[in-house]
Amino acid sequence: MSGKHITVLFMALGLLLAACNNRADKAVQQIDDLLVTLWPAEEPGGAVLLLKGDRVLLKKGYGLATTDPVTQVTPETFFCIASVSKQFAALATLRLAEEGKLSLEDPVSKFFPHFKAKFFNDITLKHLLSHTSGIPDVRPRTDSAYVYHSTDVESYSYLDTLSFLNFEPGTSYEYMNPTFQLLYTVIEQASGMPFETYMREVIFDTAGMPETVYFEEGREIPRMAHGYRFNEQTETWDEYDYGETSFFASKADGALYTSVEEFMQWELALRNNTLLGTEMTESAHTAHIATDLPDTGYGYGWFVGQAYGKEKIFHTGDNGGFKIYAGRYPESEVLLLIFSTRDFEREETVEALENILHTAGLL
């Protein structure tokens, strides 16, 4: 190829790259415009991170993290990510399986021999991870102290004398928090370490998440946001996170606090198989059962669906005013995080952002 042809080729590539960057810039501006409207500067807000490949297209905070004192949301603000926490306990369980310290075929009775019902011999760790155990959530709801302050072990204590299942294990799907609370003790027994020690030393530190932490009463959480809801009578935003207690005390299913900045490191660790091998990661991200969401299944700690004909691996989280979305789109190498301190039309917002990204050729 002549020098002239090489020059023309590089010019063409440059123009193509410029066009791609222009489309990306326009898409990011559209997303930013939408989010500014969603989270006004003087109201409780949220944080968004958009990663494409290894390029951060958007990383920004909107509105307030706390109203008293008034503090702004930034990408370093820590949110309770609620049920998005489940993927961390799931990955820890899968890692222990990969290391031969447990098997996903192990029955629940192996770790909880004091559970009286014989059906715990038929419920395996796979069933816990995929919400297919049939275990009902019949935790006592009359004692507010129990509901709002119970730890993982306290939350699943009703299983000691449970006498029935909602369905035969493995035959159906029912989203259930107590089944993930059981993983707290499974991880401790299999690893020989306290749950939080294992998660910190083996999972969070390895992933590059130095400040990510589980809620515990009295524990200081860095740059912590509060959850809020609008009081129509007073026309004010009231703190709505029960003093960080409702479902915040049980860790394996929903008590994790992190930022969009640190969650991005989690995504990179998943992509690079830093924490888990390819085969086990693929198993976690494979739909093992159909859910009650349209065209969506559940893997091990993740929902598995579709966006514009491409695989979408995601989870949502809700607790008090906190409303969370964490979606990874492997084929497009896109990560979309939306962490909010208040209620919003999450599904509609995600759909709108996905449409912007798809139109721009980014998804």
# chains A, B, ... in the order shown; residues from 1 in each chain; ligands from 1
call {"tool": "residues_around", "arguments": {"residues": "A:Glu267", "least_positions_apart": "6", "cutoff": "9 Å", "atoms": "only C-alpha atoms", "output": "NGL selection string"}}
result
:A and (207 or 328 or 335)
call {"tool": "select_by_dssp", "arguments": {"residues": "stretch 70-298 of chain A", "states": "helix (DSSP H, G or I)", "output": "ChimeraX atom specification"}}
result
/A:82-98,108-111,118-121,125-129,144-149,152-155,157-161,177-191,195-207,251-254,260-271,278-284
call {"tool": "closest_residue", "arguments": {"among": "A:Thr274, A:Thr124, A:Ser340, A:Thr206", "to": "A:Leu104", "atoms": "only C-alpha atoms"}}
result
A:Thr124
call {"tool": "residues_around", "arguments": {"residues": "stretch 270-272 of chain A", "least_positions_apart": "2", "cutoff": "9 Å", "atoms": "only C-alpha atoms", "output": "compact mmCIF listing (two decimals) with C-alpha atoms, in the first residue's frame"}}
result
# COMPACT_ATOMS: atom_id res chain seq x y z
CA ALA A 207 -11.87 -6.06 43.64
CA GLN A 265 -14.18 -1.57 40.21
CA TRP A 266 -16.47 -4.53 40.91
CA GLU A 267 -17.49 -4.54 37.25
CA LEU A 268 -13.87 -4.52 36.10
CA THR A 274 -10.13 -11.37 39.09
CA LEU A 275 -12.52 -12.89 41.61
CA LEU A 276 -14.01 -15.85 39.79
CA THR A 281 -19.01 -16.57 36.20
CA PRO A 330 -21.52 -7.80 28.28
CA GLU A 333 -19.10 -3.76 27.37
call {"tool": "atom_distance", "arguments": {"atom1": "atom CA of A:Gly305", "atom2": "atom CA of A:Glu99"}}
result
28.9 Å
call {"tool": "atom_distance", "arguments": {"atom1": "atom CA of A:Ala255", "atom2": "atom CA of A:His285"}}
result
22.1 Å
call {"tool": "select_by_dssp", "arguments": {"residues": "stretch 55-99 of chain A", "states": "strand (DSSP E)", "output": "VMD selection string"}}
result
chain A and resid 55 to 62 64 to 67 70 to 72 79 to 80
call {"tool": "closest_residue", "arguments": {"among": "A:Gly327, A:Pro107, A:Pro169, A:Pro222", "to": "A:Val186", "atoms": "only C-alpha atoms"}}
result
A:Pro107
call {"tool": "residues_around", "arguments": {"residues": "A:Ala307", "least_positions_apart": "6", "cutoff": "12 Å", "atoms": "only C-alpha atoms", "output": "list in words"}}
result
Pro294, Asp295, Thr296, Ile313, Phe314, Gly327, Arg328, Tyr329, Pro330, Glu331, Ser332, Val334, Val350, Glu351, Ala352, Leu353, Glu354, Asn355, Leu357, His358 and Leu363 of chain A
call {"tool": "residues_around", "arguments": {"residues": "A:Thr151", "least_positions_apart": "6", "cutoff": "8 Å", "atoms": "only C-alpha atoms", "output": "number ranges by chain"}}
result
A: 249-251
call {"tool": "write_last_selection", "arguments": {"atoms": "C-alpha atoms", "output": "mmCIF file, in the first residue's frame"}}
result
data_model
loop_
_atom_site.group_PDB
_atom_site.id
_atom_site.type_symbol
_atom_site.label_atom_id
_atom_site.label_comp_id
_atom_site.auth_asym_id
_atom_site.auth_seq_id
_atom_site.Cartn_x
_atom_site.Cartn_y
_atom_site.Cartn_z
ATOM 1 C CA ALA A 249 -28.965 -5.181 59.603
ATOM 2 C CA SER A 250 -28.993 -8.408 57.554
ATOM 3 C CA LYS A 251 -25.883 -8.325 55.392
#
call {"tool": "closest_atom_pairs", "arguments": {"of": "stretch 65-154 of chain A", "to": "stretch 318-321 of chain A", "cutoff": "10 Å", "atoms": "only C-alpha atoms", "output": "JSON lines"}}
result
{"residue": "A:Cys80", "atom": "CA", "partner": "A:Asn319", "partner_atom": "CA", "distance": 7.7}
{"residue": "A:Ile81", "atom": "CA", "partner": "A:Asp318", "partner_atom": "CA", "distance": 7.5}
{"residue": "A:Ala82", "atom": "CA", "partner": "A:Asp318", "partner_atom": "CA", "distance": 5.7}
{"residue": "A:Ser83", "atom": "CA", "partner": "A:Asp318", "partner_atom": "CA", "distance": 6.8}
{"residue": "A:Val84", "atom": "CA", "partner": "A:Asp318", "partner_atom": "CA", "distance": 8.8}
call {"tool": "decode", "arguments": {"residues": "stretch 261-298 of chain A", "atoms": "N, CA and C atoms", "output": "PDB file, in the first residue's frame"}}
result
ATOM      1  N   GLU A 261     -18.516   4.856  42.081  1.00  0.00           N
ATOM      2  CA  GLU A 261     -17.075   4.807  41.796  1.00  0.00           C
ATOM      3  C   GLU A 261     -16.495   3.455  42.173  1.00  0.00           C
ATOM      4  N   GLU A 262     -16.812   2.953  43.363  1.00  0.00           N
ATOM      5  CA  GLU A 262     -16.265   1.658  43.781  1.00  0.00           C
ATOM      6  C   GLU A 262     -16.973   0.505  43.084  1.00  0.00           C
ATOM      7  N   PHE A 263     -18.262   0.662  42.755  1.00  0.00           N
ATOM      8  CA  PHE A 263     -18.962  -0.415  42.052  1.00  0.00           C
ATOM      9  C   PHE A 263     -18.360  -0.632  40.667  1.00  0.00           C
ATOM     10  N   MET A 264     -17.844   0.416  40.064  1.00  0.00           N
ATOM     11  CA  MET A 264     -17.177   0.265  38.770  1.00  0.00           C
ATOM     12  C   MET A 264     -15.993  -0.688  38.888  1.00  0.00           C
ATOM     13  N   GLN A 265     -15.294  -0.659  40.010  1.00  0.00           N
ATOM     14  CA  GLN A 265     -14.177  -1.574  40.212  1.00  0.00           C
ATOM     15  C   GLN A 265     -14.665  -3.017  40.301  1.00  0.00           C
ATOM     16  N   TRP A 266     -15.830  -3.203  40.867  1.00  0.00           N
ATOM     17  CA  TRP A 266     -16.467  -4.531  40.912  1.00  0.00           C
ATOM     18  C   TRP A 266     -16.724  -5.042  39.491  1.00  0.00           C
ATOM     19  N   GLU A 267     -17.247  -4.177  38.641  1.00  0.00           N
ATOM     20  CA  GLU A 267     -17.492  -4.543  37.246  1.00  0.00           C
ATOM     21  C   GLU A 267     -16.201  -4.963  36.558  1.00  0.00           C
ATOM     22  N   LEU A 268     -15.147  -4.201  36.747  1.00  0.00           N
ATOM     23  CA  LEU A 268     -13.872  -4.525  36.103  1.00  0.00           C
ATOM     24  C   LEU A 268     -13.316  -5.848  36.618  1.00  0.00           C
ATOM     25  N   ALA A 269     -13.506  -6.111  37.908  1.00  0.00           N
ATOM     26  CA  ALA A 269     -13.044  -7.378  38.468  1.00  0.00           C
ATOM     27  C   ALA A 269     -13.818  -8.553  37.882  1.00  0.00           C
ATOM     28  N   LEU A 270     -15.115  -8.367  37.634  1.00  0.00           N
ATOM     29  CA  LEU A 270     -15.917  -9.413  37.000  1.00  0.00           C
ATOM     30  C   LEU A 270     -15.454  -9.656  35.564  1.00  0.00           C
ATOM     31  N   ARG A 271     -15.227  -8.573  34.826  1.00  0.00           N
ATOM     32  CA  ARG A 271     -14.782  -8.707  33.434  1.00  0.00           C
ATOM     33  C   ARG A 271     -13.442  -9.421  33.329  1.00  0.00           C
ATOM     34  N   ASN A 272     -12.556  -9.124  34.264  1.00  0.00           N
ATOM     35  CA  ASN A 272     -11.193  -9.652  34.196  1.00  0.00           C
ATOM     36  C   ASN A 272     -11.032 -10.978  34.905  1.00  0.00           C
ATOM     37  N   ASN A 273     -12.134 -11.511  35.433  1.00  0.00           N
ATOM     38  CA  ASN A 273     -12.099 -12.764  36.190  1.00  0.00           C
ATOM     39  C   ASN A 273     -11.092 -12.706  37.338  1.00  0.00           C
ATOM     40  N   THR A 274     -11.016 -11.554  37.948  1.00  0.00           N
ATOM     41  CA  THR A 274     -10.127 -11.367  39.092  1.00  0.00           C
ATOM     42  C   THR A 274     -10.620 -12.138  40.305  1.00  0.00           C
ATOM     43  N   LEU A 275     -11.923 -12.261  40.432  1.00  0.00           N
ATOM     44  CA  LEU A 275     -12.517 -12.893  41.605  1.00  0.00           C
ATOM     45  C   LEU A 275     -13.015 -14.302  41.354  1.00  0.00           C
ATOM     46  N   LEU A 276     -13.349 -14.594  40.118  1.00  0.00           N
ATOM     47  CA  LEU A 276     -14.011 -15.850  39.792  1.00  0.00           C
ATOM     48  C   LEU A 276     -13.646 -16.264  38.378  1.00  0.00           C
ATOM     49  N   GLY A 277     -13.492 -17.561  38.171  1.00  0.00           N
ATOM     50  CA  GLY A 277     -13.138 -18.069  36.854  1.00  0.00           C
ATOM     51  C   GLY A 277     -14.263 -17.914  35.842  1.00  0.00           C
ATOM     52  N   THR A 278     -13.924 -18.079  34.577  1.00  0.00           N
ATOM     53  CA  THR A 278     -14.882 -17.872  33.489  1.00  0.00           C
ATOM     54  C   THR A 278     -16.083 -18.797  33.592  1.00  0.00           C
ATOM     55  N   GLU A 279     -15.844 -20.067  33.847  1.00  0.00           N
ATOM     56  CA  GLU A 279     -16.931 -21.055  33.859  1.00  0.00           C
ATOM     57  C   GLU A 279     -17.945 -20.747  34.963  1.00  0.00           C
ATOM     58  N   MET A 280     -17.450 -20.445  36.157  1.00  0.00           N
ATOM     59  CA  MET A 280     -18.354 -20.166  37.269  1.00  0.00           C
ATOM     60  C   MET A 280     -19.066 -18.829  37.073  1.00  0.00           C
ATOM     61  N   THR A 281     -18.370 -17.857  36.483  1.00  0.00           N
ATOM     62  CA  THR A 281     -19.014 -16.572  36.195  1.00  0.00           C
ATOM     63  C   THR A 281     -20.146 -16.755  35.197  1.00  0.00           C
ATOM     64  N   GLU A 282     -19.903 -17.544  34.163  1.00  0.00           N
ATOM     65  CA  GLU A 282     -20.945 -17.805  33.173  1.00  0.00           C
ATOM     66  C   GLU A 282     -22.146 -18.500  33.803  1.00  0.00           C
ATOM     67  N   SER A 283     -21.890 -19.384  34.753  1.00  0.00           N
ATOM     68  CA  SER A 283     -22.988 -20.059  35.440  1.00  0.00           C
ATOM     69  C   SER A 283     -23.812 -19.070  36.255  1.00  0.00           C
ATOM     70  N   ALA A 284     -23.125 -18.134  36.903  1.00  0.00           N
ATOM     71  CA  ALA A 284     -23.831 -17.118  37.684  1.00  0.00           C
ATOM     72  C   ALA A 284     -24.704 -16.249  36.804  1.00  0.00           C
ATOM     73  N   HIS A 285     -24.247 -16.008  35.571  1.00  0.00           N
ATOM     74  CA  HIS A 285     -24.937 -15.115  34.653  1.00  0.00           C
ATOM     75  C   HIS A 285     -25.800 -15.855  33.631  1.00  0.00           C
ATOM     76  N   THR A 286     -26.116 -17.103  33.932  1.00  0.00           N
ATOM     77  CA  THR A 286     -27.020 -17.898  33.104  1.00  0.00           C
ATOM     78  C   THR A 286     -28.368 -18.004  33.799  1.00  0.00           C
ATOM     79  N   ALA A 287     -29.448 -17.814  33.054  1.00  0.00           N
ATOM     80  CA  ALA A 287     -30.786 -17.917  33.636  1.00  0.00           C
ATOM     81  C   ALA A 287     -31.088 -19.379  33.949  1.00  0.00           C
ATOM     82  N   HIS A 288     -31.259 -19.703  35.219  1.00  0.00           N
ATOM     83  CA  HIS A 288     -31.554 -21.070  35.639  1.00  0.00           C
ATOM     84  C   HIS A 288     -33.047 -21.295  35.850  1.00  0.00           C
ATOM     85  N   ILE A 289     -33.809 -20.207  35.880  1.00  0.00           N
ATOM     86  CA  ILE A 289     -35.251 -20.297  36.092  1.00  0.00           C
ATOM     87  C   ILE A 289     -35.902 -19.042  35.530  1.00  0.00           C
ATOM     88  N   ALA A 290     -37.089 -19.181  34.992  1.00  0.00           N
ATOM     89  CA  ALA A 290     -37.835 -18.007  34.534  1.00  0.00           C
ATOM     90  C   ALA A 290     -38.401 -17.265  35.735  1.00  0.00           C
ATOM     91  N   THR A 291     -38.427 -15.945  35.655  1.00  0.00           N
ATOM     92  CA  THR A 291     -38.972 -15.136  36.748  1.00  0.00           C
ATOM     93  C   THR A 291     -40.332 -14.572  36.356  1.00  0.00           C
ATOM     94  N   ASP A 292     -40.882 -13.738  37.231  1.00  0.00           N
ATOM     95  CA  ASP A 292     -42.159 -13.097  36.931  1.00  0.00           C
ATOM     96  C   ASP A 292     -41.977 -11.808  36.143  1.00  0.00           C
ATOM     97  N   LEU A 293     -40.735 -11.482  35.763  1.00  0.00           N
ATOM     98  CA  LEU A 293     -40.477 -10.339  34.895  1.00  0.00           C
ATOM     99  C   LEU A 293     -40.501 -10.796  33.441  1.00  0.00           C
ATOM    100  N   PRO A 294     -40.980  -9.978  32.515  1.00  0.00           N
ATOM    101  CA  PRO A 294     -41.071 -10.387  31.109  1.00  0.00           C
ATOM    102  C   PRO A 294     -39.694 -10.755  30.532  1.00  0.00           C
ATOM    103  N   ASP A 295     -39.606 -11.915  29.916  1.00  0.00           N
ATOM    104  CA  ASP A 295     -38.403 -12.356  29.200  1.00  0.00           C
ATOM    105  C   ASP A 295     -37.143 -12.257  30.066  1.00  0.00           C
ATOM    106  N   THR A 296     -37.286 -12.579  31.334  1.00  0.00           N
ATOM    107  CA  THR A 296     -36.169 -12.455  32.265  1.00  0.00           C
ATOM    108  C   THR A 296     -36.076 -13.690  33.147  1.00  0.00           C
ATOM    109  N   GLY A 297     -34.862 -14.195  33.304  1.00  0.00           N
ATOM    110  CA  GLY A 297     -34.612 -15.310  34.203  1.00  0.00           C
ATOM    111  C   GLY A 297     -33.742 -14.870  35.363  1.00  0.00           C
ATOM    112  N   TYR A 298     -33.440 -15.817  36.240  1.00  0.00           N
ATOM    113  CA  TYR A 298     -32.551 -15.531  37.357  1.00  0.00           C
ATOM    114  C   TYR A 298     -31.412 -16.527  37.356  1.00  0.00           C
TER     115      TYR A 298
END
